[in-house]
Amino acid sequence: MSALRIKKGSSSHSAYDLRSNFGDEIERHTLAVTVVNEPGVLARVIGLFSGRGYNIESLTVAEIDHEGHRSRITIVTSGTPQVIAQIKAQLGRIVPVLEVHDLTAEGPSVERELGLLKVAGAGEKRVEALRLADIFRANVVDSTLESFVFEITGTPEKIDAFADLMRPLGLVEIARTGVAALARGAK
Amino acid sequence: MSRQMTGAKMVVQALKDQGVDTIFGYPGGAVLPIYDEIFQQNEIQHILVRHEQAAIHAAEGYARSTGKPGVALVTSGPGATNAVTGLTDALMDSIPLIVFSGQVPTFMIGSDAFQEADTVGITRPCTKHNWLVKDTETLSTTIHEAFHVATSGRPGPVLIDIPKDVQFATGNYTEKTKLKSKYQPQVKGSIEGINDLVKLMEKAKRPVFYTGGGVINSGPAASQLLRELVEATGFPITSTLMGLGAYPASGKAWLGMLGMHGLYEANMAMHDCDLMINIGARFDDRITGRVDAFSPKSKKAHIDIDASSINKIIHVDIPIVGDVAHVLEDLLKVWKSRGRVTEKEGLDKWWKQINEWRAVRCLAYKNSETTIKPQYALERLEALTKGMDRYITTEVGQHQMWAAQFLGFEDPNRWMTSGGLGTMGYGFPASIGVQLAHPDALVVNVAGEASWLMNMQEMGTAIQYKLPVKQFILNNERLGMVRQWQQLLHGERYSSSWSEALPDFVKLAEAFGAKGILCSDPKDLDDAIMEMINYDGPVIFDCLVEKHENCFPMIPSGKPHNEMLLAADADAFASGAALV
Ligand SMILES: Cc1ncc(C[n+]2csc(CCOP(=O)(O)OP(=O)(O)O)c2C)c(N)n1
Ligand SMILES: [Mg+2]
C-alpha cells in the first residue's frame, strides 16, 4: 500500500489539527478573583495561565479578610472573547477559588495602580520634575539634594504618562504595584 | 469526644471512616509510620504493587469499576515522581483518586534532603487539588476534604503530601461528619436551558445523543435515565471511548462509538444531525476532527458538570452546567409534561438514512484461514465471554480501538481504558485493580505486546494476590498504531515502530508462576480462549496476529467526519488514488 497523498499545507501529517479555530479580536479584561488564602493558591492561578498559554498583563494579590482567610487577586489579561470566557471558567474550577468577577464585562469599574519613581538630577531638570509631579498629583516620599522618589496613584495609563515625562528628566528606577480594581456603585 | 492519635494512625482511621477497603502502594522511608499502622490492623487491605505508576493505575481500575474513589500510598521523592503519569491519566479521564505521599520532615523541606522532591509543586498541574500538611492537627480534616473534592463535581485525582514528622506527631482526630467544605459544585442544571433543549428536541428531524464518560461518572442513575430518555424519544445515540456501556451495545438506538476510529454511522450522524445533545462528553480533538467543519448544520446542547468544558472547543447553543443524572431527570420530566412530543416523520427518515450508513458495514475486514486477524480474535473473545460477569481493560494502540469497536458493553463501569492521556502500560495494573474489586468476575486486559511490556513487572502482584487477570495480548510485533500512521502518513518509513527482541511470553508467564498460552492459528483460537477463561489464575495469552492490519474507519486529523477512511478506501490508495 502506498502512502496517502496529502495536499501540501494540509495538517493531516500531524496527529493534531494544526489550524487554530479561533478568531483574533483581542480584548483586555480585568478579573477580580477571591480565593482562600492557603499555600500554593497563587501558584495554582499562575500555573493555570502559563500551562494553558493565557496572557497576564498585571497581577496583584493581597489578603483582604484576615479572619476569613480570603485574598483577592486582580488579574489584567487579554485574549479573544472565547479565551477570556475559558480563563474565567478555568479559574472557577480551581478548588480554593471562591468567586470570579469580570470587572470589564460586569459594568463600570475603577482601576488604580501605585507607582514609585526615582528621579535623579540637578538644576532646571530637578525643578521641572517637581513641577510635573505637582500636575500629576504625585507625592514626594523621599528626597536628597540630587534625587526624589515620587509616589503616584492612578490608572496604569496615567502612570505610563508620568514615567514617559520623567524619563528625560533623570528617571533612574520605577516600581509598580499592578492594578487593583473594584466595580463602581453600591454593590 | 476528641480523640488524640498520631498522624500515621489518623491516615488509617480516616480511610476506615471513608469506607475504604483496599489501597495500592509501595513503601519507603517517608511513609514507614503509615505502613506500621497498616500492619497493625485488618480492615484495610494493602496491595503491594511493583511500581508506583501501577499503584495509581490499579487504583483507577478499582475506581472506575466500582464508582468508588481509589486510594494509593507512595513514598517521597521517586515514589511520588513515579506516580505522576497515573495522576495525569486520572485527571484527563476524571477518575476520583486519593493519593498519599510521604515527605521529608517539615524542618528539612527545601534543603534537598534525601528523597526530597517538591511533590505538591510537581503534581499541582496533574491533580484536581493537592495539599502539603504541615500540622498533624489539620491532617484528618484535610483527608476528609480530599475525599470530598476528589468525588464531587467533576471527579479527579487529589494528593496529600505528609511529612514524616507530621506522621509521628500526635493531634486531634476530627470526624468525617464534622467536615464543612467550601467546595460545593452546582449539580442542578438551569431550568431555562432544559426547557430550551426540550423545545429543540420536539422539533428535531435529525437528532443525536453524543454521550461521554461524564454519564458513567455521574453514577448508575445517570445511565438508567439515559436509557429511559433514548427509549422514550427514539433518538439515535453514540458515545465516546470513555462513555461505552452507559447505553447498552445491544440497544436498538446504538450507533457504536464515534471519533477518529469510530463507526461510520456514528460519525456521519454527528456530521449531518440537526440537533446534537452532548451529555458528559467534552468535544475532544479525537472526536471533532476538523473543528471548523464539525457538524455544520446542527444546533448543539451541552450538559456538563464542568463549566470550563462548555464552549472550550465548540460553540454550543444551549449550555447546561450540572450533574448528568440531575439534568436528565429534569429533562425527562419537562419533556413528558409537555406531551412527549417528537418529530415522528423526520425521525423515520433519519433512521432510514442511518440504516443506509449502517449498511456500509464499516467494520468489515478480510478474514484469513491461516492468520489470526486481531478483529477476529476480539469477535471470538466477545462471543465466548458474552453474558459472563466480565470487565475489560485495555492498553493503548490499535488493539484498544479494535476492542472498543468489536466488544459490546451492556453496562457502565465494565470498560476501563486510558482515553485522554492514552497511557501505554495502563491496562495491566488497571486489570489488577478491577479484579481486586470484583474477585469472582472475569477480568481481561486486551493488550498490545509493546504496551504490556511497560508495566509487566505487575505479574508479581497478580501472582502474590492470586488475581486471575487474563492478559489477552494481540501480538503484532509492532507498535501497531505508530506503524499505521507511518504507513499512511509518513511514506512507509517505519522509524522505530518494530517491537524487536520480544520475550517468549509463555516462558515469561511460567517464570512468574502464571500460565502462558500461545495461539497463532485461527482454528485453535476458541479452545485457547476457553482455556484462558477456565484457568484459575493469571494468564498471559500470546495471540500472534496479523502484523500489518490497519485500524479502520479512520478520520485523519484535520479532516471532517464525512471524510472518513474505510478499509475499502485503503485499497484505493494502494492503486494510487489521491486523498483530497
Ligand atoms: C507511554 C506511551 N508512550 C508512547 C505512546 C505512543 N503510542 C501510541 S500507540 C503506540 C504503539 C502501541 O503498541 P502496542 O501496545 O503493541 O499496540 P498495537 O498498536 O500494536 O495494538 C505508541 C508507541 C503512548 N501512547 N504511551
Ligand atoms: Mg503491537
# chains A, B, ... in the order shown; residues from 1 in each chain; ligands from 1
>>> closest_atom_pairs(of="chain B", to="chain A", cutoff="10 Å", atoms="only C-alpha atoms", output="Markdown table")
| residue | atom | partner | partner_atom | distance |
| --- | --- | --- | --- | --- |
| B:Val120 | CA | A:Gly40 | CA | 8.6 |
| B:Gly121 | CA | A:Gly40 | CA | 8.4 |
| B:Arg124 | CA | A:Arg44 | CA | 7.1 |
| B:Pro125 | CA | A:Gly47 | CA | 7.3 |
| B:Lys128 | CA | A:Val95 | CA | 7.7 |
| B:His129 | CA | A:Val95 | CA | 6.6 |
| B:Asn130 | CA | A:Gly40 | CA | 9.3 |
| B:Trp131 | CA | A:Pro39 | CA | 8.6 |
| B:Leu132 | CA | A:Pro39 | CA | 8.6 |
| B:Val149 | CA | A:Val95 | CA | 7.8 |
| B:Gly153 | CA | A:Arg93 | CA | 9.5 |
| B:Arg154 | CA | A:Arg93 | CA | 9.3 |
| B:Lys182 | CA | A:Leu98 | CA | 8.1 |
| B:Tyr183 | CA | A:Val95 | CA | 6.5 |
| B:Gln184 | CA | A:Val95 | CA | 9.5 |
| B:Pro185 | CA | A:Arg93 | CA | 9.1 |
| B:Asp285 | CA | A:Tyr16 | CA | 7.5 |
| B:Arg286 | CA | A:Tyr16 | CA | 8.5 |
| B:Thr288 | CA | A:Asp17 | CA | 9.9 |
| B:Gly289 | CA | A:Asp17 | CA | 7.3 |
| B:Arg290 | CA | A:Asp17 | CA | 6.4 |
| B:Val291 | CA | A:Asn21 | CA | 6.6 |
| B:Asp292 | CA | A:Asn21 | CA | 6.5 |
| B:Asp306 | CA | A:Arg93 | CA | 7.6 |
| B:Ala307 | CA | A:Ala89 | CA | 5.9 |
| B:Ser308 | CA | A:Ala89 | CA | 4.6 |
| B:Ser309 | CA | A:Ala89 | CA | 8.3 |
| B:Ile310 | CA | A:Gln86 | CA | 8.7 |
| B:Asn311 | CA | A:Gln82 | CA | 7.7 |
| B:Lys312 | CA | A:Gln86 | CA | 6.3 |
| B:Ile313 | CA | A:Asn21 | CA | 8.3 |
| B:Ile314 | CA | A:Asn21 | CA | 9.2 |
| B:His315 | CA | A:Gln82 | CA | 9.1 |
| B:Trp485 | CA | A:His13 | CA | 8.8 |
| B:Gln486 | CA | A:Ala3 | CA | 8.4 |
| B:Gln487 | CA | A:Ala3 | CA | 6.0 |
| B:Leu488 | CA | A:Ala3 | CA | 4.8 |
| B:Leu489 | CA | A:His13 | CA | 5.7 |
| B:His490 | CA | A:Ala3 | CA | 7.0 |
| B:Gly491 | CA | A:Ala3 | CA | 5.0 |
| B:Glu492 | CA | A:Ala3 | CA | 6.4 |
| B:Arg493 | CA | A:Ala3 | CA | 9.7 |
| B:Ile555 | CA | A:Ser12 | CA | 9.6 |
| B:Pro556 | CA | A:Ser12 | CA | 6.0 |
| B:Ser557 | CA | A:Ser12 | CA | 5.3 |
| B:Gly558 | CA | A:Asp17 | CA | 4.4 |
| B:Lys559 | CA | A:Ser12 | CA | 7.4 |
| B:Ala570 | CA | A:Met1 | CA | 7.6 |
| B:Asp571 | CA | A:Met1 | CA | 7.2 |
| B:Ala572 | CA | A:Met1 | CA | 8.9 |
| B:Phe573 | CA | A:Leu4 | CA | 6.2 |
| B:Ala574 | CA | A:Met1 | CA | 4.2 |
| B:Ser575 | CA | A:Met1 | CA | 7.7 |
| B:Gly576 | CA | A:Ser2 | CA | 7.1 |
| B:Ala577 | CA | A:Arg5 | CA | 8.0 |
| B:Ala578 | CA | A:Arg5 | CA | 5.2 |
| B:Leu579 | CA | A:Arg5 | CA | 5.3 |
| B:Val580 | CA | A:Lys7 | CA | 6.6 |
>>> write_last_selection(atoms="C-alpha atoms", output="JSON list (two decimals), in the first residue's frame")
[["chain", "number", "residue", "atom", "x", "y", "z"],
["B", 120, "VAL", "CA", 2.92, 19.43, 45.60],
["B", 121, "GLY", "CA", 4.76, 21.57, 43.04],
["B", 124, "ARG", "CA", -0.11, 20.69, 41.06],
["B", 125, "PRO", "CA", -0.88, 20.61, 37.32],
["B", 128, "LYS", "CA", -7.53, 18.34, 40.80],
["B", 129, "HIS", "CA", -6.14, 19.68, 44.06],
["B", 130, "ASN", "CA", -3.30, 18.84, 46.43],
["B", 131, "TRP", "CA", -2.18, 19.62, 49.97],
["B", 132, "LEU", "CA", 1.06, 19.66, 51.91],
["B", 149, "VAL", "CA", -13.01, 17.17, 46.48],
["B", 153, "GLY", "CA", -18.23, 17.94, 40.84],
["B", 154, "ARG", "CA", -16.07, 16.66, 38.01],
["B", 182, "LYS", "CA", -16.47, 25.38, 50.84],
["B", 183, "TYR", "CA", -16.23, 23.30, 47.68],
["B", 184, "GLN", "CA", -19.82, 22.75, 46.57],
["B", 185, "PRO", "CA", -20.17, 22.42, 42.78],
["B", 285, "ASP", "CA", -9.98, 16.60, 19.29],
["B", 286, "ARG", "CA", -10.15, 12.81, 18.66],
["B", 288, "THR", "CA", -14.32, 16.56, 16.49],
["B", 289, "GLY", "CA", -11.74, 16.06, 13.77],
["B", 290, "ARG", "CA", -11.50, 19.32, 11.87],
["B", 291, "VAL", "CA", -13.19, 21.80, 14.17],
["B", 292, "ASP", "CA", -14.45, 24.32, 11.61],
["B", 306, "ASP", "CA", -17.57, 21.29, 34.43],
["B", 307, "ALA", "CA", -18.38, 24.78, 33.13],
["B", 308, "SER", "CA", -14.91, 25.05, 31.58],
["B", 309, "SER", "CA", -15.68, 22.14, 29.23],
["B", 310, "ILE", "CA", -18.53, 24.11, 27.68],
["B", 311, "ASN", "CA", -17.64, 26.38, 24.75],
["B", 312, "LYS", "CA", -13.97, 25.41, 25.11],
["B", 313, "ILE", "CA", -13.62, 23.91, 21.65],
["B", 314, "ILE", "CA", -17.03, 24.01, 20.01],
["B", 315, "HIS", "CA", -19.54, 26.80, 20.40],
["B", 485, "TRP", "CA", 0.41, 6.29, 10.93],
["B", 486, "GLN", "CA", 3.83, 5.86, 9.40],
["B", 487, "GLN", "CA", 2.39, 3.70, 6.65],
["B", 488, "LEU", "CA", -0.47, 6.03, 5.85],
["B", 489, "LEU", "CA", 1.05, 9.42, 6.56],
["B", 490, "HIS", "CA", 4.83, 9.20, 6.65],
["B", 491, "GLY", "CA", 5.74, 7.49, 3.40],
["B", 492, "GLU", "CA", 6.06, 4.00, 4.89],
["B", 493, "ARG", "CA", 9.18, 4.97, 6.74],
["B", 555, "ILE", "CA", -10.57, 10.10, 10.30],
["B", 556, "PRO", "CA", -7.17, 11.58, 9.57],
["B", 557, "SER", "CA", -6.56, 14.57, 11.85],
["B", 558, "GLY", "CA", -7.66, 17.82, 10.36],
["B", 559, "LYS", "CA", -10.40, 16.12, 8.34],
["B", 570, "ALA", "CA", -7.21, 1.77, 1.76],
["B", 571, "ASP", "CA", -7.09, -0.50, -1.29],
["B", 572, "ALA", "CA", -7.81, 2.51, -3.47],
["B", 573, "PHE", "CA", -4.75, 4.27, -2.04],
["B", 574, "ALA", "CA", -2.67, 1.27, -2.92],
["B", 575, "SER", "CA", -3.67, 1.76, -6.53],
["B", 576, "GLY", "CA", -2.63, 5.39, -6.36],
["B", 577, "ALA", "CA", -5.90, 7.23, -5.78],
["B", 578, "ALA", "CA", -5.31, 10.59, -4.19],
["B", 579, "LEU", "CA", -6.72, 11.63, -0.89],
["B", 580, "VAL", "CA", -8.02, 15.13, -1.14]]
>>> residues_near_ligand(ligand="ligand 1", cutoff="8 Å", atoms="only C-alpha atoms and all ligand atoms", output="PDB file with N, CA, C and O atoms, in the first residue's frame")
ATOM      1  N   GLU B 395      -4.803  -1.645  26.972  1.00  0.00           N
ATOM      2  CA  GLU B 395      -3.624  -0.804  26.855  1.00  0.00           C
ATOM      3  C   GLU B 395      -3.945   0.253  25.790  1.00  0.00           C
ATOM      4  O   GLU B 395      -5.117   0.525  25.536  1.00  0.00           O
ATOM      5  N   VAL B 396      -2.919   0.797  25.137  1.00  0.00           N
ATOM      6  CA  VAL B 396      -3.172   1.862  24.167  1.00  0.00           C
ATOM      7  C   VAL B 396      -2.563   1.513  22.820  1.00  0.00           C
ATOM      8  O   VAL B 396      -1.400   1.109  22.745  1.00  0.00           O
ATOM      9  N   GLY B 397      -3.366   1.660  21.791  1.00  0.00           N
ATOM     10  CA  GLY B 397      -2.886   1.373  20.442  1.00  0.00           C
ATOM     11  C   GLY B 397      -4.020   0.846  19.588  1.00  0.00           C
ATOM     12  O   GLY B 397      -5.198   1.027  19.915  1.00  0.00           O
ATOM     13  N   GLN B 398      -3.670   0.165  18.511  1.00  0.00           N
ATOM     14  CA  GLN B 398      -4.690  -0.391  17.626  1.00  0.00           C
ATOM     15  C   GLN B 398      -5.625  -1.337  18.363  1.00  0.00           C
ATOM     16  O   GLN B 398      -6.846  -1.296  18.189  1.00  0.00           O
ATOM     17  N   HIS B 399      -5.034  -2.202  19.209  1.00  0.00           N
ATOM     18  CA  HIS B 399      -5.849  -3.201  19.919  1.00  0.00           C
ATOM     19  C   HIS B 399      -6.933  -2.520  20.747  1.00  0.00           C
ATOM     20  O   HIS B 399      -8.027  -3.032  20.899  1.00  0.00           O
ATOM     21  N   GLN B 400      -6.606  -1.353  21.282  1.00  0.00           N
ATOM     22  CA  GLN B 400      -7.558  -0.604  22.115  1.00  0.00           C
ATOM     23  C   GLN B 400      -8.762  -0.156  21.272  1.00  0.00           C
ATOM     24  O   GLN B 400      -9.915  -0.286  21.683  1.00  0.00           O
ATOM     25  N   LEU B 421      -5.286  10.581  28.178  1.00  0.00           N
ATOM     26  CA  LEU B 421      -3.818  10.630  28.126  1.00  0.00           C
ATOM     27  C   LEU B 421      -3.266   9.573  27.165  1.00  0.00           C
ATOM     28  O   LEU B 421      -2.191   9.759  26.624  1.00  0.00           O
ATOM     29  N   GLY B 422      -4.003   8.506  26.952  1.00  0.00           N
ATOM     30  CA  GLY B 422      -3.511   7.443  26.069  1.00  0.00           C
ATOM     31  C   GLY B 422      -2.233   6.831  26.606  1.00  0.00           C
ATOM     32  O   GLY B 422      -1.204   6.808  25.936  1.00  0.00           O
ATOM     33  N   THR B 423      -2.309   6.301  27.831  1.00  0.00           N
ATOM     34  CA  THR B 423      -1.120   5.829  28.531  1.00  0.00           C
ATOM     35  C   THR B 423      -0.872   4.355  28.271  1.00  0.00           C
ATOM     36  O   THR B 423      -1.580   3.490  28.803  1.00  0.00           O
ATOM     37  N   MET B 424       0.132   4.028  27.449  1.00  0.00           N
ATOM     38  CA  MET B 424       0.566   2.634  27.334  1.00  0.00           C
ATOM     39  C   MET B 424       1.015   2.185  28.724  1.00  0.00           C
ATOM     40  O   MET B 424       1.675   2.941  29.434  1.00  0.00           O
ATOM     41  N   GLY B 425       0.652   0.981  29.103  1.00  0.00           N
ATOM     42  CA  GLY B 425       1.011   0.496  30.439  1.00  0.00           C
ATOM     43  C   GLY B 425      -0.119   0.647  31.433  1.00  0.00           C
ATOM     44  O   GLY B 425       0.003   0.237  32.580  1.00  0.00           O
ATOM     45  N   ALA B 447      -4.540  -6.271  25.303  1.00  0.00           N
ATOM     46  CA  ALA B 447      -3.260  -5.560  25.296  1.00  0.00           C
ATOM     47  C   ALA B 447      -2.563  -5.646  23.951  1.00  0.00           C
ATOM     48  O   ALA B 447      -2.827  -6.540  23.147  1.00  0.00           O
ATOM     49  N   GLY B 448      -1.673  -4.701  23.726  1.00  0.00           N
ATOM     50  CA  GLY B 448      -0.679  -4.829  22.662  1.00  0.00           C
ATOM     51  C   GLY B 448       0.610  -5.256  23.323  1.00  0.00           C
ATOM     52  O   GLY B 448       0.826  -4.962  24.500  1.00  0.00           O
ATOM     53  N   GLU B 449       1.445  -5.967  22.578  1.00  0.00           N
ATOM     54  CA  GLU B 449       2.652  -6.501  23.226  1.00  0.00           C
ATOM     55  C   GLU B 449       3.558  -5.372  23.728  1.00  0.00           C
ATOM     56  O   GLU B 449       4.195  -5.508  24.766  1.00  0.00           O
ATOM     57  N   ALA B 450       3.589  -4.257  23.011  1.00  0.00           N
ATOM     58  CA  ALA B 450       4.504  -3.180  23.406  1.00  0.00           C
ATOM     59  C   ALA B 450       3.995  -2.476  24.665  1.00  0.00           C
ATOM     60  O   ALA B 450       4.751  -2.249  25.612  1.00  0.00           O
ATOM     61  N   SER B 451       2.717  -2.152  24.687  1.00  0.00           N
ATOM     62  CA  SER B 451       2.134  -1.527  25.874  1.00  0.00           C
ATOM     63  C   SER B 451       2.302  -2.415  27.091  1.00  0.00           C
ATOM     64  O   SER B 451       2.625  -1.962  28.185  1.00  0.00           O
ATOM     65  N   TRP B 452       2.047  -3.701  26.874  1.00  0.00           N
ATOM     66  CA  TRP B 452       2.018  -4.615  28.008  1.00  0.00           C
ATOM     67  C   TRP B 452       3.364  -4.658  28.716  1.00  0.00           C
ATOM     68  O   TRP B 452       3.445  -4.729  29.928  1.00  0.00           O
ATOM     69  N   MET B 454       5.277  -2.359  29.233  1.00  0.00           N
ATOM     70  CA  MET B 454       5.562  -1.159  30.024  1.00  0.00           C
ATOM     71  C   MET B 454       5.251  -1.309  31.508  1.00  0.00           C
ATOM     72  O   MET B 454       5.754  -0.554  32.314  1.00  0.00           O
ATOM     73  N   LEU B 474      -2.716  -9.005  21.925  1.00  0.00           N
ATOM     74  CA  LEU B 474      -2.788  -9.089  20.459  1.00  0.00           C
ATOM     75  C   LEU B 474      -1.404  -8.715  19.947  1.00  0.00           C
ATOM     76  O   LEU B 474      -1.078  -7.544  19.776  1.00  0.00           O
ATOM     77  N   ASN B 475      -0.605  -9.750  19.762  1.00  0.00           N
ATOM     78  CA  ASN B 475       0.817  -9.546  19.493  1.00  0.00           C
ATOM     79  C   ASN B 475       1.055  -9.425  17.986  1.00  0.00           C
ATOM     80  O   ASN B 475       1.055 -10.415  17.263  1.00  0.00           O
ATOM     81  N   ASN B 476       1.249  -8.189  17.525  1.00  0.00           N
ATOM     82  CA  ASN B 476       1.560  -7.972  16.110  1.00  0.00           C
ATOM     83  C   ASN B 476       3.044  -7.660  15.907  1.00  0.00           C
ATOM     84  O   ASN B 476       3.458  -7.276  14.818  1.00  0.00           O
ATOM     85  N   GLU B 477       3.803  -7.772  16.981  1.00  0.00           N
ATOM     86  CA  GLU B 477       5.250  -7.498  16.936  1.00  0.00           C
ATOM     87  C   GLU B 477       5.543  -6.119  16.364  1.00  0.00           C
ATOM     88  O   GLU B 477       6.569  -5.883  15.742  1.00  0.00           O
ATOM     89  N   ARG B 478       4.608  -5.235  16.568  1.00  0.00           N
ATOM     90  CA  ARG B 478       4.754  -3.860  16.070  1.00  0.00           C
ATOM     91  C   ARG B 478       4.162  -2.904  17.096  1.00  0.00           C
ATOM     92  O   ARG B 478       3.221  -3.251  17.797  1.00  0.00           O
ATOM     93  N   LEU B 479       4.694  -1.674  17.092  1.00  0.00           N
ATOM     94  CA  LEU B 479       3.972  -0.584  17.743  1.00  0.00           C
ATOM     95  C   LEU B 479       2.903  -0.216  16.723  1.00  0.00           C
ATOM     96  O   LEU B 479       3.046   0.723  15.944  1.00  0.00           O
ATOM     97  N   GLY B 480       1.860  -1.023  16.716  1.00  0.00           N
ATOM     98  CA  GLY B 480       0.947  -1.058  15.587  1.00  0.00           C
ATOM     99  C   GLY B 480       0.366   0.295  15.207  1.00  0.00           C
ATOM    100  O   GLY B 480       0.307   0.642  14.030  1.00  0.00           O
ATOM    101  N   MET B 481      -0.081   1.042  16.181  1.00  0.00           N
ATOM    102  CA  MET B 481      -0.720   2.318  15.860  1.00  0.00           C
ATOM    103  C   MET B 481       0.288   3.292  15.253  1.00  0.00           C
ATOM    104  O   MET B 481      -0.024   4.042  14.328  1.00  0.00           O
ATOM    105  N   VAL B 482       1.502   3.254  15.776  1.00  0.00           N
ATOM    106  CA  VAL B 482       2.552   4.110  15.227  1.00  0.00           C
ATOM    107  C   VAL B 482       2.861   3.663  13.796  1.00  0.00           C
ATOM    108  O   VAL B 482       2.961   4.479  12.879  1.00  0.00           O
ATOM    109  N   ARG B 483       2.980   2.355  13.620  1.00  0.00           N
ATOM    110  CA  ARG B 483       3.266   1.821  12.294  1.00  0.00           C
ATOM    111  C   ARG B 483       2.179   2.210  11.289  1.00  0.00           C
ATOM    112  O   ARG B 483       2.462   2.588  10.161  1.00  0.00           O
ATOM    113  N   SER B 497       9.273   1.522  14.883  1.00  0.00           N
ATOM    114  CA  SER B 497       7.946   1.029  15.255  1.00  0.00           C
ATOM    115  C   SER B 497       7.851  -0.495  15.194  1.00  0.00           C
ATOM    116  O   SER B 497       6.769  -1.045  15.187  1.00  0.00           O
ATOM    117  N   SER B 499       8.456  -3.940  17.205  1.00  0.00           N
ATOM    118  CA  SER B 499       8.732  -4.482  18.543  1.00  0.00           C
ATOM    119  C   SER B 499       9.797  -5.555  18.402  1.00  0.00           C
ATOM    120  O   SER B 499       9.492  -6.695  18.090  1.00  0.00           O
TER     121      SER B 499
END
>>> select_by_dssp(residues="range 16-187 of chain A", states="strand (DSSP E or B)", output="PyMOL selection string")
chain A and resi 27-36+58-65+70-79+97-102+109-120+139-144+147-154+171-183
>>> atom_distance(atom1="CA of Leu565 in chain B", atom2="CA of Tyr210 in chain B")
21.2 Å
>>> atom_distance(atom1="CA of Val187 in chain B", atom2="CA of His302 in chain B")
14.3 Å
>>> select_by_dssp(residues="range 2-153 of chain A", states="alpha helix (DSSP H)", output="MDAnalysis selection string")
chainID A and resid 41:51 81:93 123:135
>>> write_last_selection(atoms="C-alpha atoms", output="PDB file, in the first residue's frame")
ATOM      1  CA  VAL A  41      -3.062  29.257  45.680  1.00  0.00           C
ATOM      2  CA  LEU A  42      -1.159  31.922  43.745  1.00  0.00           C
ATOM      3  CA  ALA A  43       0.969  29.211  42.127  1.00  0.00           C
ATOM      4  CA  ARG A  44      -2.241  27.488  41.007  1.00  0.00           C
ATOM      5  CA  VAL A  45      -3.537  30.648  39.380  1.00  0.00           C
ATOM      6  CA  ILE A  46      -0.244  31.485  37.719  1.00  0.00           C
ATOM      7  CA  GLY A  47       0.247  27.844  36.694  1.00  0.00           C
ATOM      8  CA  LEU A  48      -3.145  27.910  35.012  1.00  0.00           C
ATOM      9  CA  PHE A  49      -2.147  30.928  32.942  1.00  0.00           C
ATOM     10  CA  SER A  50       1.263  29.570  31.953  1.00  0.00           C
ATOM     11  CA  GLY A  51       0.064  25.994  31.457  1.00  0.00           C
ATOM     12  CA  PRO A  81     -13.726  36.632  23.840  1.00  0.00           C
ATOM     13  CA  GLN A  82     -13.647  32.843  23.787  1.00  0.00           C
ATOM     14  CA  VAL A  83     -10.295  32.714  25.549  1.00  0.00           C
ATOM     15  CA  ILE A  84     -11.482  35.214  28.173  1.00  0.00           C
ATOM     16  CA  ALA A  85     -14.549  33.032  28.808  1.00  0.00           C
ATOM     17  CA  GLN A  86     -12.284  29.982  29.152  1.00  0.00           C
ATOM     18  CA  ILE A  87      -9.991  31.802  31.573  1.00  0.00           C
ATOM     19  CA  LYS A  88     -12.948  32.618  33.803  1.00  0.00           C
ATOM     20  CA  ALA A  89     -14.293  29.062  33.671  1.00  0.00           C
ATOM     21  CA  GLN A  90     -10.870  27.572  34.340  1.00  0.00           C
ATOM     22  CA  LEU A  91     -10.297  29.930  37.276  1.00  0.00           C
ATOM     23  CA  GLY A  92     -13.691  28.955  38.655  1.00  0.00           C
ATOM     24  CA  ARG A  93     -12.628  25.315  38.578  1.00  0.00           C
ATOM     25  CA  GLY A 123      19.169  72.383  38.383  1.00  0.00           C
ATOM     26  CA  GLU A 124      16.419  73.058  35.826  1.00  0.00           C
ATOM     27  CA  LYS A 125      15.573  69.355  35.336  1.00  0.00           C
ATOM     28  CA  ARG A 126      15.013  68.869  39.041  1.00  0.00           C
ATOM     29  CA  VAL A 127      12.657  71.831  39.185  1.00  0.00           C
ATOM     30  CA  GLU A 128      10.788  70.606  36.113  1.00  0.00           C
ATOM     31  CA  ALA A 129      10.355  67.145  37.630  1.00  0.00           C
ATOM     32  CA  LEU A 130       8.847  68.648  40.749  1.00  0.00           C
ATOM     33  CA  ARG A 131       6.523  70.864  38.728  1.00  0.00           C
ATOM     34  CA  LEU A 132       5.235  67.920  36.647  1.00  0.00           C
ATOM     35  CA  ALA A 133       4.815  65.830  39.783  1.00  0.00           C
ATOM     36  CA  ASP A 134       2.585  68.550  41.123  1.00  0.00           C
ATOM     37  CA  ILE A 135       0.435  68.474  37.980  1.00  0.00           C
TER      38      ILE A 135
END
>>> residues_around(residues="Arg64 in chain B", least_positions_apart="2", cutoff="9 Å", atoms="only C-alpha atoms", output="list in words")
Ala59, Glu60, Gly61, Tyr62, Thr66, Gly67, Lys68, Pro69, Gly70, Ile95, Pro96, Ile216, Asn217, Asn413, Arg414, Trp415, Met416 and Val434 of chain B
>>> atom_distance(atom1="CA of Glu202 in chain B", atom2="CA of Gln186 in chain B")
27.1 Å
>>> closest_residue(among="B:Phe505, B:Val20, B:Pro374, B:Met456", to="ligand 2", atoms="only C-alpha atoms and all ligand atoms")
B:Pro374
>>> residues_around(residues="Ser143 in chain A", least_positions_apart="4", cutoff="10 Å", atoms="only C-alpha atoms", output="list in words")
Lys118, Val119, Ala120, Ser147, Phe148, Val149 and Phe150 of chain A
>>> write_last_selection(atoms="N, CA and C atoms", output="compact mmCIF listing (two decimals), in the first residue's frame")
# COMPACT_ATOMS: atom_id res chain seq x y z
N LYS A 118 11.99 56.89 41.00
CA LYS A 118 13.17 57.61 41.48
C LYS A 118 13.72 58.44 40.33
N VAL A 119 13.85 59.75 40.59
CA VAL A 119 14.33 60.67 39.56
C VAL A 119 15.53 61.41 40.13
N ALA A 120 16.68 61.33 39.44
CA ALA A 120 17.89 62.00 39.93
C ALA A 120 18.27 63.11 38.98
N SER A 147 18.11 63.85 44.32
CA SER A 147 17.08 62.90 43.86
C SER A 147 15.75 63.09 44.58
N PHE A 148 14.70 62.58 43.91
CA PHE A 148 13.38 62.46 44.53
C PHE A 148 12.88 61.04 44.34
N VAL A 149 12.04 60.57 45.29
CA VAL A 149 11.20 59.41 44.98
C VAL A 149 9.76 59.91 44.98
N PHE A 150 9.09 59.77 43.84
CA PHE A 150 7.69 60.18 43.73
C PHE A 150 6.77 58.98 43.93
>>> residues_around(residues="Glu111 in chain A", least_positions_apart="2", cutoff="7 Å", atoms="only C-alpha atoms", output="number ranges by chain")
A: 109, 113, 155, 179-182
